[in-house]
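In what follows, a single structure is set out as structure tokens and then discussed.
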Amino acid sequence: METFNNSKPVLVLLLLPCLLLYSLISFNSSSVEAAMHTNNWAVLVCTSRFWFNYRHMANTLSLYRTVKRLGIPDERIILMLADDMACNTRNKYPAQVFNNENHRLNLYGDNVEVDYRGYEVTVENFLRVLTGRHETAVPRSKRLLSDEGSHILLYMTGHGGDEFLKFQDSEELQSHDLADAVKQMKEKHRFKELLIMVDTCQAATLFNQLQSPGVLAIGSSMKGENSYSHHLDSDVGVSVVDRFTYYTLAFFERLNIYDNASLSSLFSSYNPSWLMSTAYYRKDLYKRNLEEVPVTNFFGSVMETIHTDAAYKALSRRNSGRFEAQMSLDSVHHAERRTLMKVNDQEETHDVNPEGNKQPLQGEEGASKCPWSTFCNKFRKGENVDSLVNYGLVTMIPLLVIPTWLVR
Amino acid sequence: MALLRRPLLLLLIVTHQFLQLWIAFGSVNEEGQKQEEFYEELLLKPLPDRKVLTHFHFQSSAPPTSNGRHHHLFPKAISQLVQKFRVKEMELSFTQGRWNYESWGGFDSIPSSNAKPPGVELWAVFDVPQHLIDPLWKNLTHTLSGLFCASINFLESSTAYSAPEWSFPLASGSLRYGTLPREAVCTENITPWLKLLPCRDKAGISTLLDRPSIYRGFYHSQRLHLTSTGSGSEGMDLGIMLEQTLTVVLQPISQRASLVRDSEKHIQPSWSLSSIFGKQVSGKCVLAETSNVYLLLDRGLVAELKQLHKENEKSIENSLTSENFWTNPSFELSAKPDRIFIEECSLLSKNSSVLYKFEVEKYSEFEPFDLGITWKIPIVWLCQQAPLHASRFLTGSGNERGAIAISLKSTQTTEGFMGAHSNDERCELRVDVFQVVPWYVKVYFHSLQVFVDQQPKAVSDIIEKIHISPSKDKVSPGVMELVLKLPCSMSSTALTIEFDKGFLHIDEYPPDANQGFDIPSAIVSFPNFHASMVFLESDSLNKSPLLSKFQEWSHVMSYTEVLLVPLTTPDFSMPYNVITITCTVFALYFGSLLNALRRRVAEEERFLKDKSAKKTGQLPLLLSKLSAKLRGRRSEPPHSSPVSSSFINSKLVFKVILIAGLAVCWQYYFL
């Protein structure tokens with residue numbers, strides 16, 4: 001009996017690490033649960049001022065309308081418009097913005113909420129929104145209150161160049177700034193997945209510095225290419241929409257909130273001959289297979305509905321977690337069905353634009369070519385003495401190492 | 001059966017009694033506790049320059065002892081804002097366009113309280129100790145910017161707001177005032193404003209607010225005024241009165257415009273609600289206590305109509321006040337008014353305005369309310385003017401200095417009022433001027449000059465009282481408050497004050513700095529004159545907040561124009577271009593010149609040859625031969641190669657030495 005009593009603390013001591021381990025594991029599993037896709041946010045930025053940049057505002061508002069239609073509520077959309085086009089004195093149609101010359105759709109509508117406008121659209125405010133480092137007085141409607149389960153759509157349009165995007169013609173957002181902000185967001189658990197969509201000249205260069213996992217980026221043009229406007233509205237007097245955004249919208253207009261079109265079908269829908277530039281997407285930081293990811297992952301919204309059997313009885317956290325897990329299983333089934341559907345869809349798009357999705361891929365291949373072949377090429381050309389010597393010196397090192405090895 | 005029936009009857013009686021009791025209790029409860037109320041009203045008024053003034057007035061009120069923090073009709077966002085920031089009174093207005101004081105009038109209570117300066121104007125009175133006001137103001141601006149989708153948060157900076165001493169009647173140091181003259185006003189501002197209404201824009205009068213029609217107007221001003229009453233002690237809820245007005249001046253599109261004959265050109269355009277807003281009112285907002293539409297014919301128009309009647313038919317002397325006035329020979333209304341009010345003849349004017357009241361309650365979806373007016377005869381009239389017409393302009397040229405001039409011109413129509421005040425020996429007209437100037441317009445207050453009828457006058461003769469708080473660079477704006485005593489006989493007065501233009505830091509320039517900088521409107525008010533319209537049978541008007549608003553005595557006030565000051569703006573591309581191109585030209589010129597003058601080719605070559613012969617050993621020679629072989633070319637001895645090849649050689653030598661050194665180290669270290 002005594003011995004048993006004595007062994008009790010030992011048992012406790014033995015059990016303690018086990019418990020710790022268990023709690024650690026359970027904690028891990030709960031964090032995995034928390035990182036489930038819980039909500040959707042959209043940050044839509046028009047960085048151009050002045051009337052002749054009407055199309056940039058129309059671009060942004062078109063995207064605003066689309067994400068709102070596909071289910072993201074206004075409180076989860078941060079809309080930044082650098083100038084007032086709708087009530088501009090030059091606008092013949094006050095309180096209306098059109099993205100097509102048929103004027104069938106007023107993008108400004110009756111229920112638009114602009115969070116940052118005019119002089120407020122600065123690089124500083126943009127980075128503050130992304131990183132969440134606001135003054136305490138800033139109201140909630142102007143903050144990106146995302147969490148680690150958020151999928152964020154970041155759309156930017158304006159005038160840009162090699163690794164920069166101009167804000168209001170006076171400031172620049174550089175690719176380093178963007179990458180740093182995204183990195184900080186990742187560290188602060190502000191997103192799970194992020195889709196960056198940019199419609200500017202040389203948009204692809206803006207993604208060069210991105211490093212954070214879970215980021216998918218798509219730009220309207222490669223380095224050295226311009227992004228062009230789609231058409232001019234002679235009633236409004238300026239171009240009303242950019243090509244890239246126009247064809248993005250053309251893709252989304254066919255969809256409704258329940259559609260399962262995949263991201264790859266969106267990306268393959270861009271035809272370089274229509275865009276007059278090559279749409280580029282960077283997916284090396286994004287782990288999931290694009291054919292299985294629906295566009296509503298970013299452009300739509302998830303709604304967390306928890307079914308309760310008993311009325312007036314709050315479910316415990318654990319239970320709700322289980323329901324979420326069930327939901328995710330359902331969504332997997334959906335995904336499978338979706339891929340089946342998408343196969344057909346993709347074939348169609350392939351027929352339409354066979355070179356559409358090849359060009360960017362070629363670019364990627366070019367970067368990852370066999371180093372030996374490049375060496376051979378250079379050797380054959382025989383023009384670069386310096387590099388040749390370098391190669392020679394590099395080959396010398398193993399030669400040096402092997403004799404030393406042998407001597408030992 | 002009878003046995004069964006009895007308890008049933010008893011049950012019925014008992015429930016009936018209970019119900020009655022309940023109802024009685026409920027009514028007592030209602031009487032004892034004032035309920036939240038909401039009123040919606042619309043005032044229409046034809047303007048002399050063929051335009052129509054539409055003035056929407058919505059009023060919600062929450063009594064002090066409402067059910068804790070819960071509200072039925074009152075917007076929660078506003079009550080929270082009042083509770084949190086201890087706002088005693090606040091007014092926020094969004095305006096586009098400028099109120100045309102000359103043709104739309106400046107004496108009524110509509111222009112005095114609803115004509116606002118362009119952009120955003122915000123003032124607020126706080127019910128807290130002095131040192132807490134500024135932080136509260138800053139937080140309030142941020143909250144309002146989130147609530148109304150505007151950059152009101154720019155008023156947070158201490159350079160953007162001021163604390164007037166006595167220009168506002170309620171001010172006792174706890175008022176803060178700020179304007180943003182260039183703030184855009186559009187759909188995103190009116191949408192949250194409409195969301196404060198219990199019926200939003202889905203039912204009642206507010207359904208008329210079609211965004212494109214409003215913003216097509218010549219002037220629109222959206223205003224929110226709130227007053228809180230109550231002790232303001234801890235735990236006690238405040239009673240809040242929220243008044244939302246929207247004033248729009250529209251040009252009705254006359255269908256017959258192309259067919260008009262010359263003689264008909266002066267006929268006022270006929271309009272209806274559906275023609276100016278494209279919509280009709282189908283019933284009232286069920287949550288509103290009253291829902292009325294008024295048509296106001298102002299004094300000038302009524303006087304003109306009376307004149308016309310006298311000329312045409314002498315018998316219709318009394319028809320203006322009669323019930324069938326709405327079908328008179330000069331115009332026709334499409335709906336029958338429910339009541340007609342005649343203004344009480346005031347001391348100041350002989351004429352009185354006429355107000356037609358239409359109750360929207362009577363109309364439904366099947367029979368929508370669409371008030372229209374059709375003019376039959378041409379008519380020209382004038383609106384009542386403020387005693388002085390205020391305008392403001394800049395003088396001087398260049399980017400260094402200038403002067404602000406405020407000119408006050410007497411309007412002819414005020415002669416009558418002057419008469420009323422000229423009983424005294426010296427008739428004087430009191431005028432208050434409130435002017436805020438941003439810090440980068442550095443005003444010299446000593447340079448203030450006054451001209452009465454183009455004659456310079458001593459400042460002390462005219463200015464009775466003056467309060468100045470000079471601007472501090474990048475800290476606070478300059479504020480000037482003046483009380484002028486002008487002789488009634490004067491026809492024009494001008495105030496001028498000189499200023500220097502300051503320089504901003506490079507970060508402080510807005511992206512479109514080339515457009516210039518705004519000096520906000522000055523407020524010119526006439527405390528001797530009060531705008532009020534008292535209607536006969538006013539006992540029945542108590543229920544209408546709009547008309548009781550008209551009856552209040554308010555100062556006649558007007559705003560001057562916003563001034564646009566061009567400042568020196570940085571343009572870095574220009575000097576950059578100039579510097580770059582000049583440097584290039586200079587470099588090319590001097591470089592080639594020096595080269596031509598100083599260079600001796602033969603000597604140089606010889607020198608190099610010697611040098612290379614001395615320095616290069618056997619190894620680099622061999623290596624270069626090797627590389628040449630690898631490249632498949634004829635080996636060239638290094639001494640014959642030009643400067644560039646020697647450069648490569650030296651580089652090669654360095655690299656080889658480096659590797660050799662590495663190898664030696666390796667050998668030494670590992671063996």
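Residues in the structure tokens are named by chain (A, B, ... in the order shown) and by number from 1 within that chain; ligands are numbered from 1 in the order shown.
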Find the nearest atom pair between each residue of region 38-114 of chain A and region 276-300 of chain A for residues within 8 Å, count only C-alpha atoms, give distances in Å to one decimal, sort rows by chain and ascending number, and present the table as a Markdown table.
| residue | atom | partner | partner_atom | distance |
| --- | --- | --- | --- | --- |
| A:Asn40 | CA | A:Phe298 | CA | 6.7 |
| A:Trp41 | CA | A:Phe298 | CA | 7.9 |
| A:Ala42 | CA | A:Phe299 | CA | 8.0 |
| A:Thr66 | CA | A:Phe299 | CA | 7.7 |
| A:Val67 | CA | A:Phe299 | CA | 5.2 |
| A:Lys68 | CA | A:Gly300 | CA | 8.0 |
| A:Leu70 | CA | A:Gly300 | CA | 4.8 |
| A:Gly71 | CA | A:Gly300 | CA | 5.2 |
| A:Ile72 | CA | A:Gly300 | CA | 5.8 |
Okay, now the selection with N, CA and C atoms, as a PDB file, in the first residue's frame?
ATOM      1  N   ASN A  40     -14.131  35.946 -46.433  1.00  0.00           N
ATOM      2  CA  ASN A  40     -13.540  36.519 -47.640  1.00  0.00           C
ATOM      3  C   ASN A  40     -13.469  38.022 -47.527  1.00  0.00           C
ATOM      4  N   TRP A  41     -12.378  38.570 -47.989  1.00  0.00           N
ATOM      5  CA  TRP A  41     -12.221  40.024 -47.999  1.00  0.00           C
ATOM      6  C   TRP A  41     -11.770  40.449 -49.385  1.00  0.00           C
ATOM      7  N   ALA A  42     -12.049  41.679 -49.698  1.00  0.00           N
ATOM      8  CA  ALA A  42     -11.568  42.215 -50.971  1.00  0.00           C
ATOM      9  C   ALA A  42     -11.035  43.619 -50.732  1.00  0.00           C
ATOM     10  N   THR A  66     -18.767  42.967 -59.097  1.00  0.00           N
ATOM     11  CA  THR A  66     -18.702  41.523 -59.269  1.00  0.00           C
ATOM     12  C   THR A  66     -18.578  40.814 -57.931  1.00  0.00           C
ATOM     13  N   VAL A  67     -17.660  41.279 -57.083  1.00  0.00           N
ATOM     14  CA  VAL A  67     -17.483  40.568 -55.821  1.00  0.00           C
ATOM     15  C   VAL A  67     -18.701  40.746 -54.923  1.00  0.00           C
ATOM     16  N   LYS A  68     -19.357  41.880 -55.063  1.00  0.00           N
ATOM     17  CA  LYS A  68     -20.574  42.086 -54.279  1.00  0.00           C
ATOM     18  C   LYS A  68     -21.680  41.153 -54.764  1.00  0.00           C
ATOM     19  N   LEU A  70     -21.196  38.323 -56.179  1.00  0.00           N
ATOM     20  CA  LEU A  70     -20.871  36.940 -55.845  1.00  0.00           C
ATOM     21  C   LEU A  70     -20.842  36.703 -54.337  1.00  0.00           C
ATOM     22  N   GLY A  71     -21.201  37.692 -53.548  1.00  0.00           N
ATOM     23  CA  GLY A  71     -21.498  37.405 -52.155  1.00  0.00           C
ATOM     24  C   GLY A  71     -20.623  38.030 -51.095  1.00  0.00           C
ATOM     25  N   ILE A  72     -19.607  38.813 -51.450  1.00  0.00           N
ATOM     26  CA  ILE A  72     -18.829  39.463 -50.389  1.00  0.00           C
ATOM     27  C   ILE A  72     -19.609  40.698 -49.930  1.00  0.00           C
TER      28      ILE A  72
END
Using only C-alpha atoms, I'd like every residue of chain B that has an atom within 6 Å of chain A; please write them out as number ranges by chain. B: 139, 142-143, 146, 149, 186, 188, 212, 215-216, 511, 631
Output N, CA and C atoms of each residue in that selection to a file, as a compact mmCIF listing (two decimals), in the first residue's frame.
# COMPACT_ATOMS: atom_id res chain seq x y z
N ASN B 139 -11.52 62.32 -32.69
CA ASN B 139 -12.18 61.02 -32.81
C ASN B 139 -13.49 61.13 -33.58
N HIS B 142 -12.97 61.11 -37.33
CA HIS B 142 -12.71 59.77 -37.86
C HIS B 142 -14.00 58.96 -37.95
N THR B 143 -14.81 59.05 -36.90
CA THR B 143 -16.05 58.28 -36.89
C THR B 143 -16.96 58.72 -38.02
N GLY B 146 -15.90 57.44 -41.35
CA GLY B 146 -16.30 56.06 -41.58
C GLY B 146 -17.78 55.94 -41.86
N CYS B 149 -18.55 57.85 -45.51
CA CYS B 149 -17.71 57.57 -46.67
C CYS B 149 -17.06 58.83 -47.23
N CYS B 186 -21.04 62.67 -53.48
CA CYS B 186 -21.66 61.81 -54.48
C CYS B 186 -22.51 60.75 -53.79
N GLU B 188 -22.02 57.88 -52.66
CA GLU B 188 -21.55 57.18 -51.47
C GLU B 188 -21.80 57.98 -50.21
N PRO B 212 -29.11 59.99 -59.92
CA PRO B 212 -28.73 60.81 -61.07
C PRO B 212 -29.48 62.14 -61.13
N TYR B 215 -27.94 64.63 -58.51
CA TYR B 215 -26.60 65.13 -58.80
C TYR B 215 -26.53 65.85 -60.15
N ARG B 216 -27.63 65.81 -60.88
CA ARG B 216 -27.68 66.60 -62.10
C ARG B 216 -28.00 68.06 -61.77
N PRO B 511 -1.52 65.74 -54.55
CA PRO B 511 -1.10 65.28 -55.88
C PRO B 511 -1.45 66.27 -56.99
N ARG B 631 38.94 29.24 -77.30
CA ARG B 631 38.01 29.97 -78.17
C ARG B 631 38.23 29.66 -79.63
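Note that DSSP on the backbone gives alpha helix (DSSP H) to these residues of region 141-243 of chain B: Thr141, His142, Thr143, Leu144, Ser145, Gly146, Leu147, Phe148, Thr187, Glu188, Asn189, Ile190, Thr191, Pro192, Trp193, Leu194, Arg211, Pro212, Ser213, Ile214 and Tyr215 of chain B.
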Just want the 9 Å neighbourhood of Asn114 (chain B), counted on only C-alpha atoms, with same-chain residues fewer than 5 positions away dropped. Output as a PyMOL selection string. chain B and resi 93+109+221-223+245-247
Would you output that residue set with N, CA and C atoms, as a compact mmCIF listing (two decimals), in the first residue's frame?
# COMPACT_ATOMS: atom_id res chain seq x y z
N SER B 93 -22.47 69.11 -43.20
CA SER B 93 -23.12 69.30 -44.49
C SER B 93 -22.19 68.93 -45.62
N SER B 109 -35.63 81.39 -44.46
CA SER B 109 -34.90 80.49 -43.57
C SER B 109 -34.27 79.34 -44.34
N SER B 221 -27.29 70.22 -51.34
CA SER B 221 -26.66 70.29 -50.03
C SER B 221 -27.37 69.30 -49.13
N GLN B 222 -26.57 68.42 -48.58
CA GLN B 222 -27.12 67.37 -47.73
C GLN B 222 -26.62 67.67 -46.32
N ARG B 223 -27.55 67.80 -45.42
CA ARG B 223 -27.19 68.34 -44.11
C ARG B 223 -27.69 67.41 -43.02
N THR B 245 -31.65 67.25 -43.73
CA THR B 245 -32.27 67.97 -44.84
C THR B 245 -31.44 67.78 -46.10
N LEU B 246 -32.13 67.80 -47.19
CA LEU B 246 -31.46 67.75 -48.48
C LEU B 246 -32.08 68.84 -49.34
N THR B 247 -31.27 69.78 -49.77
CA THR B 247 -31.76 70.89 -50.56
C THR B 247 -31.17 70.76 -51.96
Considering only C-alpha atoms, return as a short mmCIF file (atom, residue, chain, number, x, y, z; two decimals) with C-alpha atoms, in the first residue's frame whatever protein or nucleic-acid residues lie within 12 Å of His56 (chain A), sequence-local ones (same chain, fewer than 3 positions apart) excluded.
data_model
loop_
_atom_site.label_atom_id
_atom_site.label_comp_id
_atom_site.auth_asym_id
_atom_site.auth_seq_id
_atom_site.Cartn_x
_atom_site.Cartn_y
_atom_site.Cartn_z
CA LEU A 44 -9.96 47.07 -54.47
CA VAL A 45 -7.69 49.95 -55.33
CA CYS A 46 -7.86 52.50 -58.10
CA THR A 47 -4.67 54.53 -57.87
CA SER A 48 -5.19 57.05 -60.64
CA ARG A 49 -6.39 60.55 -60.32
CA PHE A 50 -7.78 62.85 -63.06
CA TRP A 51 -10.63 62.52 -65.46
CA PHE A 52 -8.76 60.86 -68.32
CA ASN A 53 -8.13 57.90 -66.01
CA ASN A 59 -12.22 48.83 -63.65
CA THR A 60 -12.25 48.96 -59.88
CA LEU A 61 -15.99 49.51 -59.67
CA SER A 62 -16.62 46.63 -62.04
CA LEU A 63 -14.67 44.34 -59.76
CA MET A 80 -10.16 52.88 -52.57
CA LEU A 81 -10.88 55.37 -55.32
CA ALA A 82 -8.34 58.08 -55.94
CA ASP A 83 -10.71 60.54 -57.56
CA ASP A 84 -14.35 61.33 -57.89
CA MET A 85 -15.48 60.38 -61.38
CA VAL A 97 -20.08 55.25 -64.09
CA PHE A 98 -20.14 52.94 -67.07
CA ASN A 99 -17.72 50.31 -68.23
CA TYR A 155 -7.10 44.18 -56.99
CA MET A 156 -5.07 47.15 -58.12
CA THR A 157 -5.25 49.24 -61.22
CA GLY A 158 -3.51 52.37 -62.34
CA HIS A 159 -0.39 53.36 -64.15
CA PHE A 167 -0.39 56.33 -56.79
CA GLN A 168 -2.12 59.56 -57.82
CA VAL A 198 -3.05 43.85 -61.05
CA ASP A 199 -4.07 45.64 -64.21
CA THR A 200 -1.25 48.01 -65.17
CA SER A 227 -1.84 47.11 -70.85
CA TYR A 228 -4.30 48.74 -73.16
CA SER A 229 -7.77 50.13 -72.76
CA HIS A 230 -10.59 48.27 -74.37
CA VAL A 238 -12.73 58.78 -72.58
CA SER A 239 -11.87 55.11 -72.61
CA VAL A 240 -14.10 53.33 -70.18
CA VAL A 241 -12.43 50.03 -69.40
CA ASP A 242 -9.10 48.24 -69.69
CA ARG A 243 -8.78 45.08 -71.73
CA PHE A 244 -7.65 42.79 -68.97
CA THR A 245 -10.48 43.82 -66.66
CA TYR A 246 -12.97 43.74 -69.50
#
Separation of CA of Ser492 (chain B) from CA of Ser410 (chain B), in Å and rounded to one decimal: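 Atom-to-atom, CA of Ser492 (chain B) to CA of Ser410 (chain B), that is 6.0 Å.
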